[in-house]
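Chemist: So here's start32.txt (compact mmCIF, C-alpha atoms and all ligand atoms).
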```
# COMPACT_ATOMS: atom_id res chain seq x y z
CA MET A 1 -8.74 -22.25 35.85
CA ALA A 2 -9.50 -24.51 32.89
CA GLY A 3 -7.47 -27.21 31.13
CA GLU A 4 -6.44 -30.71 32.12
CA GLN A 5 -4.53 -31.29 35.34
CA ARG A 6 -2.97 -34.53 36.51
CA LEU A 7 -4.30 -34.87 40.03
CA LEU A 8 -6.75 -33.38 42.50
CA LEU A 9 -6.60 -34.29 46.18
CA GLU A 10 -9.84 -33.04 47.70
CA ASN A 11 -11.00 -32.15 51.19
CA ALA A 12 -8.08 -33.38 53.25
CA ARG A 13 -8.76 -33.07 56.94
CA GLN A 14 -5.15 -31.96 57.40
CA LEU A 15 -2.76 -30.96 54.65
CA VAL A 16 0.71 -30.68 56.12
CA LEU A 17 2.72 -28.20 54.06
CA VAL A 18 5.70 -28.40 56.46
CA CYS A 19 6.69 -24.91 55.28
CA GLY A 20 5.19 -22.47 52.82
CA ARG A 21 7.54 -19.58 52.20
CA GLY A 22 10.19 -21.17 50.05
CA GLU A 23 12.42 -22.01 53.02
CA LYS A 24 15.45 -24.13 52.06
CA TYR A 25 15.56 -25.69 55.54
CA LEU A 26 13.99 -25.21 58.94
CA LEU A 27 15.79 -24.47 62.18
CA GLN A 28 14.59 -25.02 65.72
CA ALA A 29 11.68 -22.54 65.89
CA GLY A 30 10.54 -23.29 62.34
CA MET A 31 10.62 -27.02 63.03
CA ALA A 32 8.64 -26.70 66.23
CA SER A 33 5.47 -25.43 64.52
CA LEU A 34 4.79 -26.66 61.02
CA ALA A 35 2.43 -25.14 58.45
CA VAL A 36 -0.77 -27.24 58.40
CA LEU A 37 -4.03 -26.47 56.55
CA GLN A 38 -7.40 -27.90 57.61
CA ASN A 39 -10.04 -28.95 55.03
CA ALA A 40 -7.73 -28.35 52.15
CA SER A 41 -7.22 -29.47 48.56
CA LEU A 42 -4.26 -29.65 46.20
CA VAL A 43 -3.72 -29.77 42.44
CA VAL A 44 -0.79 -31.31 40.56
CA GLY A 45 -0.40 -30.32 36.91
CA GLN A 46 0.47 -32.41 33.87
CA ASP A 47 4.16 -31.71 34.41
CA GLY A 48 4.07 -33.36 37.86
CA TYR A 49 4.47 -30.10 39.80
CA ILE A 50 2.11 -28.60 42.36
CA LYS A 51 -0.12 -25.93 40.82
CA ALA A 52 -2.32 -24.98 43.74
CA VAL A 53 -2.87 -25.73 47.40
CA GLY A 54 -5.36 -24.14 49.76
CA PRO A 55 -8.79 -24.28 51.40
CA ALA A 56 -11.06 -26.82 49.66
CA ASP A 57 -13.71 -24.24 48.62
CA VAL A 58 -11.10 -21.88 47.17
CA ILE A 59 -9.51 -24.65 45.08
CA ARG A 60 -12.96 -25.85 43.94
CA ASN A 61 -13.80 -22.37 42.62
CA GLN A 62 -10.38 -21.81 41.12
CA PHE A 63 -10.51 -25.09 39.18
CA SER A 64 -14.25 -25.21 38.41
CA GLY A 65 -13.53 -25.37 34.66
CA ALA A 66 -10.69 -27.90 34.88
CA THR A 67 -10.59 -31.63 34.29
CA PHE A 68 -8.38 -34.03 36.20
CA GLU A 69 -6.80 -37.32 35.17
CA ARG A 70 -7.37 -38.51 38.70
CA LYS A 71 -9.25 -37.27 41.76
CA ILE A 72 -8.80 -38.69 45.24
CA ASP A 73 -11.27 -37.92 47.97
CA CYS A 74 -9.20 -37.28 51.10
CA THR A 75 -12.12 -36.66 53.44
CA GLY A 76 -11.08 -37.58 56.97
CA LYS A 77 -7.49 -38.17 55.86
CA CYS A 78 -4.17 -36.34 56.01
CA VAL A 79 -1.83 -35.37 53.19
CA LEU A 80 1.89 -34.97 53.82
CA PRO A 81 4.87 -34.28 51.56
CA GLY A 82 6.64 -37.44 50.38
CA LEU A 83 9.23 -38.44 52.98
CA VAL A 84 12.90 -37.96 52.19
CA ASP A 85 15.40 -40.57 53.34
CA ALA A 86 18.76 -38.80 53.50
CA HIS A 87 21.04 -41.83 54.02
CA THR A 88 20.81 -45.39 52.70
CA HIS A 89 23.07 -48.23 51.52
CA PRO A 90 20.51 -50.14 49.45
CA VAL A 91 22.62 -51.97 46.80
CA TRP A 92 24.22 -55.16 48.09
CA ALA A 93 24.14 -58.93 48.14
CA GLY A 94 24.34 -61.23 51.18
CA ASP A 95 22.41 -60.34 54.31
CA ARG A 96 24.04 -60.24 57.77
CA VAL A 97 21.38 -61.79 59.95
CA HIS A 98 24.10 -63.99 61.51
CA GLU A 99 25.95 -60.85 62.60
CA PHE A 100 22.79 -59.53 64.21
CA ALA A 101 22.88 -62.64 66.39
CA MET A 102 26.58 -62.00 67.20
CA LYS A 103 25.83 -58.42 68.18
CA LEU A 104 22.96 -59.51 70.39
CA ALA A 105 25.42 -61.88 72.05
CA GLY A 106 27.75 -58.96 72.81
CA ALA A 107 30.09 -58.43 69.81
CA SER A 108 30.61 -54.79 68.83
CA TYR A 109 30.30 -53.39 65.29
CA MET A 110 34.06 -52.76 65.10
CA GLU A 111 35.02 -56.17 66.51
CA ILE A 112 33.04 -57.81 63.72
CA HIS A 113 34.47 -55.39 61.12
CA GLN A 114 38.08 -55.96 62.25
CA ALA A 115 37.58 -59.73 62.18
CA GLY A 116 36.75 -59.43 58.45
CA GLY A 117 32.96 -59.35 58.77
CA GLY A 118 30.61 -56.37 58.55
CA ILE A 119 31.25 -54.26 55.45
CA HIS A 120 33.94 -56.76 54.31
CA PHE A 121 31.38 -59.59 54.31
CA THR A 122 28.98 -57.55 52.18
CA VAL A 123 31.81 -56.50 49.83
CA GLU A 124 32.68 -60.15 49.17
CA HIS A 125 29.09 -61.00 48.24
CA THR A 126 28.47 -57.82 46.27
CA ARG A 127 31.58 -58.33 44.16
CA LYS A 128 30.31 -61.78 43.17
CA ALA A 129 26.74 -60.68 42.38
CA THR A 130 25.71 -59.86 38.81
CA GLU A 131 24.44 -56.42 37.91
CA GLU A 132 21.02 -57.93 37.23
CA GLU A 133 20.85 -59.58 40.67
CA LEU A 134 21.84 -56.34 42.35
CA PHE A 135 19.29 -54.36 40.36
CA ASN A 136 16.45 -56.75 41.19
CA THR A 137 17.03 -56.67 44.94
CA PHE A 138 17.60 -52.90 44.86
CA LYS A 139 14.34 -52.37 42.98
CA HIS A 140 12.46 -54.44 45.52
CA ARG A 141 14.02 -52.43 48.38
CA LEU A 142 13.09 -49.13 46.74
CA GLU A 143 9.51 -50.37 46.40
CA ARG A 144 9.44 -51.19 50.10
CA MET A 145 10.80 -47.72 50.93
CA ARG A 146 8.14 -46.16 48.76
CA ARG A 147 5.38 -48.15 50.46
CA ALA A 148 6.62 -46.66 53.74
CA GLY A 149 6.21 -43.15 52.28
CA SER A 150 9.69 -42.30 50.95
CA THR A 151 9.65 -40.53 47.59
CA LEU A 152 13.25 -39.23 47.53
CA VAL A 153 16.09 -41.44 48.72
CA GLU A 154 19.84 -41.00 48.92
CA CYS A 155 21.52 -44.19 47.66
CA LYS A 156 25.20 -45.03 48.22
CA SER A 157 27.63 -47.36 46.54
CA GLY A 158 30.40 -48.60 48.84
CA TYR A 159 30.28 -52.39 48.88
CA GLY A 160 32.69 -52.75 45.98
CA LEU A 161 35.71 -50.71 47.09
CA ASN A 162 37.45 -51.64 43.81
CA LEU A 163 36.65 -49.57 40.73
CA GLU A 164 34.90 -52.40 38.87
CA THR A 165 32.36 -53.16 41.60
CA GLU A 166 31.83 -49.53 42.62
CA LEU A 167 30.93 -48.78 39.00
CA LYS A 168 28.66 -51.82 38.89
CA MET A 169 26.78 -50.48 41.93
CA LEU A 170 26.58 -46.96 40.51
CA ARG A 171 25.23 -48.29 37.19
CA VAL A 172 22.53 -50.14 39.13
CA ILE A 173 21.60 -46.90 40.93
CA GLU A 174 21.65 -44.98 37.62
CA ARG A 175 19.32 -47.57 36.05
CA ALA A 176 16.83 -47.15 38.90
CA LYS A 177 17.07 -43.37 38.53
CA GLN A 178 16.08 -43.68 34.88
CA SER A 179 13.44 -46.38 35.21
CA MET A 180 11.67 -46.03 38.57
CA ASP A 181 9.17 -43.52 39.86
CA ILE A 182 11.12 -42.45 42.91
CA GLY A 183 13.63 -39.66 43.40
CA ILE A 184 17.22 -40.80 43.88
CA SER A 185 20.30 -38.84 44.93
CA SER A 186 23.31 -41.06 44.19
CA THR A 187 26.46 -41.17 46.26
CA TYR A 188 29.87 -42.57 45.39
CA CYS A 189 31.09 -44.20 48.63
CA GLY A 190 34.21 -46.04 47.43
CA ALA A 191 35.86 -45.01 50.72
CA HIS A 192 33.37 -46.96 52.82
CA SER A 193 36.11 -49.25 54.11
CA VAL A 194 39.80 -49.82 53.48
CA PRO A 195 40.03 -52.80 51.12
CA LYS A 196 41.92 -55.83 52.42
CA GLY A 197 45.66 -55.61 51.56
CA LYS A 198 45.75 -51.79 51.35
CA THR A 199 46.46 -49.00 53.80
CA ALA A 200 44.09 -46.05 54.10
CA THR A 201 46.62 -43.88 52.25
CA GLU A 202 46.92 -46.39 49.40
CA ALA A 203 43.15 -46.71 49.17
CA ALA A 204 42.80 -42.91 49.12
CA ASP A 205 45.42 -42.68 46.34
CA ASP A 206 43.55 -45.29 44.27
CA ILE A 207 40.28 -43.38 44.68
CA ILE A 208 41.83 -40.03 43.80
CA ASN A 209 43.94 -41.26 40.89
CA ASN A 210 41.63 -43.89 39.37
CA HIS A 211 38.05 -43.89 40.66
CA LEU A 212 37.28 -40.18 40.58
CA PRO A 213 38.77 -39.51 37.13
CA LYS A 214 36.58 -42.36 35.80
CA LEU A 215 33.48 -40.81 37.40
CA LYS A 216 34.38 -37.48 35.82
CA GLU A 217 34.75 -39.14 32.42
CA LEU A 218 31.35 -40.90 32.77
CA LYS A 219 29.75 -37.63 33.79
CA LEU A 220 31.17 -35.80 30.78
CA SER A 221 29.99 -38.54 28.42
CA GLY A 222 26.52 -38.34 30.01
CA GLU A 223 26.57 -42.01 31.07
CA MET A 224 26.36 -41.46 34.80
CA HIS A 225 25.33 -38.58 37.02
CA VAL A 226 26.60 -39.14 40.55
CA ASN A 227 25.52 -36.45 43.02
CA ASN A 228 27.53 -36.88 46.20
CA ILE A 229 30.85 -38.14 47.58
CA ASP A 230 31.10 -40.04 50.86
CA VAL A 231 33.88 -41.36 53.11
CA PHE A 232 33.60 -43.39 56.32
CA CYS A 233 35.77 -41.15 58.51
CA GLU A 234 36.44 -43.38 61.51
CA LYS A 235 39.25 -44.74 63.65
CA GLY A 236 40.57 -47.86 61.89
CA VAL A 237 38.86 -46.87 58.61
CA PHE A 238 39.71 -43.50 56.95
CA ASP A 239 41.59 -41.01 59.12
CA LEU A 240 41.01 -37.29 58.91
CA ASP A 241 43.81 -36.66 56.45
CA SER A 242 42.75 -39.34 53.94
CA THR A 243 39.14 -38.21 54.35
CA ARG A 244 40.09 -34.62 53.58
CA ARG A 245 42.02 -35.61 50.44
CA ILE A 246 39.20 -37.78 49.07
CA LEU A 247 36.42 -35.32 49.81
CA GLN A 248 38.33 -32.39 48.33
CA ALA A 249 39.08 -34.40 45.16
CA GLY A 250 35.39 -35.30 44.90
CA LYS A 251 34.37 -31.69 45.35
CA ASP A 252 36.85 -30.71 42.63
CA ILE A 253 34.92 -32.84 40.12
CA GLY A 254 31.60 -31.32 41.16
CA LEU A 255 30.29 -33.78 43.75
CA GLN A 256 28.50 -32.57 46.89
CA ILE A 257 30.25 -33.62 50.08
CA ASN A 258 28.02 -35.83 52.22
CA PHE A 259 29.95 -38.20 54.49
CA HIS A 260 29.98 -40.46 57.57
CA GLY A 261 31.63 -38.78 60.55
CA ASP A 262 32.10 -38.90 64.32
CA GLU A 263 30.10 -42.13 64.63
CA LEU A 264 32.07 -44.43 66.93
CA HIS A 265 34.91 -42.08 67.93
CA PRO A 266 35.33 -38.30 68.00
CA MET A 267 37.29 -37.64 64.79
CA LYS A 268 36.77 -33.89 64.26
CA SER A 269 34.77 -34.91 61.19
CA ALA A 270 32.24 -32.13 61.75
CA GLU A 271 34.98 -29.51 61.90
CA LEU A 272 36.43 -30.92 58.66
CA GLY A 273 33.04 -30.98 56.95
CA ALA A 274 32.42 -27.34 57.88
CA GLU A 275 35.85 -26.36 56.55
CA LEU A 276 35.32 -28.18 53.22
CA GLY A 277 31.80 -26.82 52.70
CA ALA A 278 30.08 -30.20 53.11
CA GLN A 279 26.37 -30.28 52.33
CA ALA A 280 25.80 -32.90 55.04
CA ILE A 281 27.50 -35.16 57.58
CA SER A 282 25.84 -38.30 58.88
CA HIS A 283 25.89 -40.01 62.29
CA LEU A 284 27.66 -37.52 64.63
CA GLU A 285 27.04 -39.60 67.76
CA GLU A 286 30.52 -38.54 68.98
CA VAL A 287 30.64 -34.99 67.59
CA SER A 288 32.47 -32.38 69.69
CA ASP A 289 30.93 -29.12 70.94
CA GLU A 290 33.19 -27.24 68.52
CA GLY A 291 32.00 -29.51 65.71
CA ILE A 292 28.36 -28.68 66.47
CA ALA A 293 29.11 -24.95 66.43
CA ALA A 294 31.07 -25.31 63.18
CA ILE A 295 28.33 -27.15 61.24
CA ALA A 296 25.70 -24.70 62.52
CA ARG A 297 27.75 -21.82 61.14
CA ALA A 298 28.52 -23.59 57.88
CA LYS A 299 24.86 -24.58 57.26
CA CYS A 300 26.00 -28.16 56.85
CA ALA A 301 23.11 -30.55 57.61
CA ALA A 302 23.47 -33.14 60.37
CA VAL A 303 21.88 -36.36 59.12
CA LEU A 304 21.00 -38.30 62.25
CA LEU A 305 20.39 -42.05 62.01
CA PRO A 306 18.27 -43.33 64.88
CA THR A 307 18.20 -46.95 63.66
CA THR A 308 21.98 -47.29 63.90
CA ALA A 309 22.27 -45.84 67.38
CA TYR A 310 19.42 -48.16 68.41
CA MET A 311 20.76 -51.28 66.68
CA LEU A 312 24.33 -50.87 67.87
CA ARG A 313 23.29 -49.50 71.26
CA LEU A 314 25.42 -46.42 70.67
CA LYS A 315 25.26 -43.17 72.54
CA GLN A 316 22.39 -41.21 70.95
CA PRO A 317 23.39 -38.18 68.87
CA GLN A 318 22.72 -34.94 70.72
CA ALA A 319 19.76 -33.82 68.64
CA ARG A 320 18.49 -31.32 71.22
CA LYS A 321 21.84 -29.61 71.58
CA MET A 322 22.21 -29.44 67.80
CA LEU A 323 18.74 -27.95 67.41
CA ASN A 324 19.36 -25.42 70.16
CA GLU A 325 22.58 -24.34 68.50
CA GLY A 326 21.01 -23.79 65.09
CA VAL A 327 22.09 -26.96 63.26
CA ILE A 328 19.98 -28.10 60.30
CA VAL A 329 18.91 -31.51 61.59
CA ALA A 330 17.82 -34.15 59.05
CA LEU A 331 17.00 -37.85 59.34
CA GLY A 332 17.87 -40.98 57.37
CA SER A 333 17.04 -44.67 57.71
CA ASP A 334 20.65 -45.80 57.13
CA PHE A 335 19.13 -48.89 55.50
CA ASN A 336 22.06 -51.34 55.17
CA PRO A 337 22.81 -54.96 56.09
CA ASN A 338 23.63 -53.82 59.63
CA ALA A 339 20.46 -51.74 60.14
CA TYR A 340 17.69 -53.38 58.14
CA CYS A 341 14.99 -50.73 58.29
CA PHE A 342 13.22 -49.18 55.29
CA SER A 343 10.74 -47.11 57.20
CA MET A 344 11.07 -43.35 57.73
CA PRO A 345 7.93 -43.37 59.94
CA MET A 346 9.76 -45.76 62.28
CA VAL A 347 12.90 -43.62 62.02
CA MET A 348 10.87 -40.56 63.06
CA HIS A 349 9.37 -42.48 65.99
CA LEU A 350 12.86 -43.51 67.19
CA ALA A 351 14.09 -39.92 66.76
CA CYS A 352 11.25 -38.74 69.00
CA VAL A 353 11.67 -41.35 71.71
CA ASN A 354 15.44 -41.83 71.76
CA MET A 355 16.71 -38.46 70.57
CA LYS A 356 14.00 -36.41 72.28
CA MET A 357 12.73 -34.68 69.15
CA SER A 358 9.10 -33.56 68.91
CA MET A 359 6.89 -35.04 66.16
CA ASN A 360 6.94 -31.71 64.30
CA GLU A 361 10.74 -31.63 64.45
CA ALA A 362 11.00 -35.23 63.27
CA LEU A 363 8.73 -34.58 60.28
CA ALA A 364 10.67 -31.45 59.28
CA ALA A 365 13.88 -33.47 59.60
CA ALA A 366 12.45 -36.21 57.37
CA THR A 367 11.17 -33.81 54.69
CA ILE A 368 12.51 -30.31 54.05
CA ASN A 369 15.77 -30.74 55.98
CA ALA A 370 16.50 -34.16 54.49
CA ALA A 371 15.88 -32.63 51.05
CA TYR A 372 18.33 -29.84 51.95
CA ALA A 373 20.94 -32.46 52.95
CA LEU A 374 20.71 -33.70 49.35
CA GLY A 375 20.73 -30.21 47.84
CA LYS A 376 17.14 -30.72 46.66
CA SER A 377 15.00 -28.53 48.87
CA ASP A 378 14.14 -26.26 45.92
CA THR A 379 11.98 -29.03 44.48
CA HIS A 380 11.31 -31.46 47.35
CA GLY A 381 10.50 -31.68 51.04
CA SER A 382 7.36 -29.53 51.39
CA ILE A 383 3.98 -28.98 49.76
CA GLU A 384 4.38 -25.66 47.95
CA ILE A 385 3.38 -24.37 44.54
CA GLY A 386 6.14 -25.15 42.04
CA LYS A 387 7.52 -28.14 43.94
CA GLN A 388 7.30 -31.72 42.73
CA GLY A 389 3.95 -33.37 43.46
CA ASP A 390 5.37 -36.03 45.83
CA LEU A 391 2.77 -36.83 48.46
CA VAL A 392 1.63 -39.33 51.06
CA ILE A 393 -2.03 -39.82 52.02
CA VAL A 394 -2.53 -41.16 55.51
CA ASN A 395 -5.82 -42.64 56.70
CA SER A 396 -5.97 -41.02 60.11
CA SER A 397 -7.58 -37.98 61.70
CA ARG A 398 -4.25 -36.34 62.55
CA TRP A 399 -0.99 -36.69 60.67
CA GLU A 400 0.93 -37.50 63.85
CA HIS A 401 -0.50 -41.03 63.79
CA LEU A 402 2.14 -41.82 61.18
CA ILE A 403 4.79 -41.41 63.90
CA TYR A 404 2.77 -42.41 66.94
CA GLN A 405 1.70 -45.83 65.61
CA PHE A 406 5.14 -47.47 65.67
CA GLY A 407 5.33 -49.89 62.76
CA GLY A 408 1.77 -48.95 61.74
CA HIS A 409 2.62 -47.23 58.46
CA GLN A 410 1.66 -50.26 56.37
CA THR A 411 -1.92 -49.91 57.50
CA LEU A 412 -2.00 -46.13 57.76
CA ILE A 413 -0.60 -45.15 54.36
CA ASP A 414 -3.31 -45.21 51.68
CA TYR A 415 -1.41 -43.74 48.75
CA VAL A 416 2.11 -42.71 47.83
CA ILE A 417 2.32 -40.28 44.93
CA VAL A 418 5.35 -39.21 42.89
CA LYS A 419 5.02 -36.29 40.46
CA GLY A 420 1.27 -36.55 40.71
CA GLU A 421 1.17 -40.26 39.76
CA VAL A 422 0.04 -42.90 42.24
CA VAL A 423 3.01 -45.24 42.73
CA TYR A 424 1.50 -47.17 45.63
CA LYS A 425 -2.09 -47.78 46.66
CA ASN A 426 -2.88 -49.71 49.79
CA GLU A 427 -4.99 -52.80 49.03
CA ARG A 428 -7.16 -51.90 51.97
CA CYS A 429 -8.06 -48.51 50.42
CA GLY A 430 -11.75 -47.79 50.31
CA ILE A 431 -12.50 -49.73 53.49
CA THR A 432 -13.50 -47.11 56.04
CA SER A 433 -12.21 -47.47 59.52
CA SER A 434 -10.82 -45.25 62.20
CA TYR A 435 -7.37 -45.90 63.58
N1 LIG B 1 29.12 -46.67 59.35
C1 LIG B 1 29.32 -46.94 58.19
N2 LIG B 1 28.44 -47.35 57.27
C2 LIG B 1 27.14 -47.85 57.55
C3 LIG B 1 27.14 -49.28 57.92
C4 LIG B 1 27.43 -50.10 56.75
C5 LIG B 1 27.52 -51.56 57.03
O1 LIG B 1 27.75 -51.96 58.19
O2 LIG B 1 27.37 -52.31 56.06
C6 LIG B 1 26.34 -46.96 58.48
O3 LIG B 1 26.18 -45.81 58.12
O4 LIG B 1 25.85 -47.38 59.53
ZN ZN B 2 25.86 -45.22 56.34
```
Written as structure tokens, that's how I'd like the structure from this file.
Modeler:
Amino acid sequence: MAGEQRLLLENARQLVLVCGRGEKYLLQAGMASLAVLQNASLVVGQDGYIKAVGPADVIRNQFSGATFERKIDCTGKCVLPGLVDAHTHPVWAGDRVHEFAMKLAGASYMEIHQAGGGIHFTVEHTRKATEEELFNTFKHRLERMRRAGSTLVECKSGYGLNLETELKMLRVIERAKQSMDIGISSTYCGAHSVPKGKTATEAADDIINNHLPKLKELKLSGEMHVNNIDVFCEKGVFDLDSTRRILQAGKDIGLQINFHGDELHPMKSAELGAELGAQAISHLEEVSDEGIAAIARAKCAAVLLPTTAYMLRLKQPQARKMLNEGVIVALGSDFNPNAYCFSMPMVMHLACVNMKMSMNEALAAATINAAYALGKSDTHGSIEIGKQGDLVIVNSSRWEHLIYQFGGHQTLIDYVIVKGEVVYKNERCGITSSY
């Protein structure tokens, strides 16, 4: 093949496709054994999409007449699809390191929340912050996520609760979507907490009558393209009935349902999500057996968040039972002021150790299944011809080192690539060493 291509990755020791037959998601058996090529190469075209992937000698012959804007020698290294982080709260002001100390001393998440801290603390600071301040910290956080291998990230609003601040957060997310080389799926999460002075019913009414119509108007005018709607369905936050009303109203204006459920108490959130046709539900530490069966049937992804269960010392979500029952299991970092972790490699490690997933399962959950949770597995989450050229190059002999070396991703990751463009190159690149 002749002509100019954007990128050639040559001679990778392992090239982890994850899947190769256009699967939208992987279930238990598919997750257990991933598609991996040895001594392989890959080509990304000028449009940023993958043009070819296969054995190094085959690709060399196929592209003998082509030129490349950039070639990277991957000898001895592994290439993986860009990681997908299916759940983050990355736009906020005011950290909560003091609450971390309180939690270590024995306070629970809900005790702090009910005393006016937690989400309320972050709301107070986020309301006061300027759009510019929020954008600058958000941008920095996205860069840190990217350095840890994430190339597609779900980003929620939810620290405004009033229309003005929710819109401010969503504008910040929209600006990053337009200006940064990272995939973003944006989520309106105005029902993240019941604002002080309102009941859950009043807050739900405000969202349905004021917030959502404004989002619809901004969508029609082309100013803002929000992808998902979220509610924190939890005892003392939004009950099942308010959750149902908000999610249905969001769905009615074209948003994908992707919400927090069954985290601290069994709420029948999973059953509700299945009934409403939710794309994904996050947390599920307290999901019922019926809820697991319902989301398996409904093909609603379970986004499990190992950092939260670890940080708050919660019961671990039943990943094994979910996998056995045919649930589409995905992973997210849940980056937020309560769980300050940007790193999907660390999330995968925690999922393996604490939720008893295998490394293959964790990688599938952090790539193709996380992309499915965002409705983006047609273009993201695996290395296949026609998908976006989002890739991670790891300097190790086997890809599993990315999970095995807990906290080692900063040294292991050589390059992060989005649409065939290098968006991060490790300073240490070029120095040969074996890890
Ligand atoms: N549980 C609700 N929301 C977040 C926490 C947000 C916060 O505490 O600021 C979560 O997913 O863990
Ligand atoms: Zn969350």
Chemist: Box time for ligand LIG 1 (chain B): axis-aligned, enclosing all its listed atoms, 4 Å extra on each side; report centre and edge lengths in Å to one decimal, as lines of an AutoDock Vina configuration file.
Modeler:
```
center_x = 27.6
center_y = -49.1
center_z = 57.8
size_x = 11.5
size_y = 14.5
size_z = 11.5
```
Chemist: Please compute the atom CA of A:Thr187-atom CA of A:Gly236 distance, one decimal, in Å.
Modeler: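 The value is 22.1 Å.
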Chemist: Which residues are near A:Met1? Cut-off 10 Å, all atoms listed in the file, ignore same chain within fewer than 5 positions. Put them as a PyMOL selection string.
Modeler: chain A and resi 59-67
Chemist: What does the file look like for those residues with C-alpha atoms, as a tab-separated table (two decimals), in the coordinates of the input?
Modeler:
```tsv
chain	number	residue	atom	x	y	z
A	59	ILE	CA	-9.51	-24.65	45.08
A	60	ARG	CA	-12.96	-25.85	43.94
A	61	ASN	CA	-13.80	-22.37	42.62
A	62	GLN	CA	-10.38	-21.81	41.12
A	63	PHE	CA	-10.51	-25.09	39.18
A	64	SER	CA	-14.25	-25.21	38.41
A	65	GLY	CA	-13.53	-25.37	34.66
A	66	ALA	CA	-10.69	-27.90	34.88
A	67	THR	CA	-10.59	-31.63	34.29
```
Chemist: Under the rule that all atoms listed in the file are counted, which of A:Gly158, A:Asp57, A:Ile208, A:Asn227 is the nearest residue to A:Lys177?
Modeler: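 That would be A:Asn227, the residue with the smallest distance to A:Lys177.
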Chemist: Please measure the separation of atom CA of A:Asp262 and atom CA of A:Met145, giving the value in Å to one decimal.
Modeler: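 Computing it gives 26.7 Å between the two atoms.
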Chemist: Show which residues sit within 10 Å of A:Asn354, as a ChimeraX atom specification. Count all atoms listed in the file, and ignore same-chain residues fewer than 4 positions away.
Modeler: /A:306-307,309-310,315-317,319,348-350
Chemist: Any chance you could export the current selection's C-alpha atoms as an mmCIF file, in the coordinates of the input?
Modeler:
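Just written: result_11.cif:
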```cif
data_model
loop_
_atom_site.group_PDB
_atom_site.id
_atom_site.type_symbol
_atom_site.label_atom_id
_atom_site.label_comp_id
_atom_site.auth_asym_id
_atom_site.auth_seq_id
_atom_site.Cartn_x
_atom_site.Cartn_y
_atom_site.Cartn_z
ATOM 1 C CA PRO A 306 18.270 -43.330 64.880
ATOM 2 C CA THR A 307 18.200 -46.950 63.660
ATOM 3 C CA ALA A 309 22.270 -45.840 67.380
ATOM 4 C CA TYR A 310 19.420 -48.160 68.410
ATOM 5 C CA LYS A 315 25.260 -43.170 72.540
ATOM 6 C CA GLN A 316 22.390 -41.210 70.950
ATOM 7 C CA PRO A 317 23.390 -38.180 68.870
ATOM 8 C CA ALA A 319 19.760 -33.820 68.640
ATOM 9 C CA MET A 348 10.870 -40.560 63.060
ATOM 10 C CA HIS A 349 9.370 -42.480 65.990
ATOM 11 C CA LEU A 350 12.860 -43.510 67.190
#
```
